[in-house]
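This report concerns only the one structure given below.
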Amino acid sequence: MAHDPEVGMSEVADALLARVRAAHADLAAALKAEDVYAVAVAQDELDDAVRLAKRHGLDVGATGMLEG
């Protein structure tokens with residue numbers, strides 16, 4: 001993947017946080033639907049999104065993003 005000098009760190013951070021929010025919403029929906037497979041998939045996506053966010057110095061837990 002080529003590095004695009006036009007993409008700033010804030011855009012990367014925004015994209016990572018959006019991914020965490022979407023994964024969290026997907027997990028909540030899967031839990032509400034009591035869909036065991038969808039819960040497993042959504043949890044895996046959330047774990048991956050949080051791991052990547054943390055790798056880039058973002059503290060998603062401190063933002064309250066994962067509460068609720």
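Residues are named by chain letter and number: chains run A, B, ... in the order of the structure tokens, numbers start at 1 in each chain, and ligands are numbered from 1 in the order shown.
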
Subject >> Within 9 Å of Leu17 of chain A using only C-alpha atoms, minus same-chain residues under 2 positions, as a list in words >> reply: Val12, Ala13, Asp14, Ala15, Arg19, Val20, Arg21, Ala22, Ala49, Val50, Ala53, Leu58, Val60 and Met65 of chain A

With a distance cut-off of 12 Å and only C-alpha atoms, select the neighbouring residues of Gln43 of chain A, excluding the residue or stretch itself and same-chain residues fewer than 6 positions from it, and output the selection as JSON, numbers by chain. {"A": [20, 22, 23, 24, 25, 26, 27, 28, 29, 30, 31, 35, 36, 37, 49, 50, 66]}

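In this structure, atom CA of Asp48 of chain A sits 10.4 Å away from atom CA of Leu16 of chain A.
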
* **Separation of atom CA of Gly61 of chain A from atom CA of Lys32 of chain A in Å** =>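 These atoms are spaced 21.8 Å apart.
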
Check: How many Å separate atom CA of Leu46 of chain A from atom CA of Ala18 of chain A?
Finding: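 Calculated distance between atom CA of Leu46 of chain A and atom CA of Ala18 of chain A is 11.2 Å.
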
- request: Pull the helix (DSSP H, G or I) assignments for segment 18-67 of chain A out of DSSP run on the backbone, and list those residues as a PyMOL selection string.
  value: chain A and resi 18-33+36-55
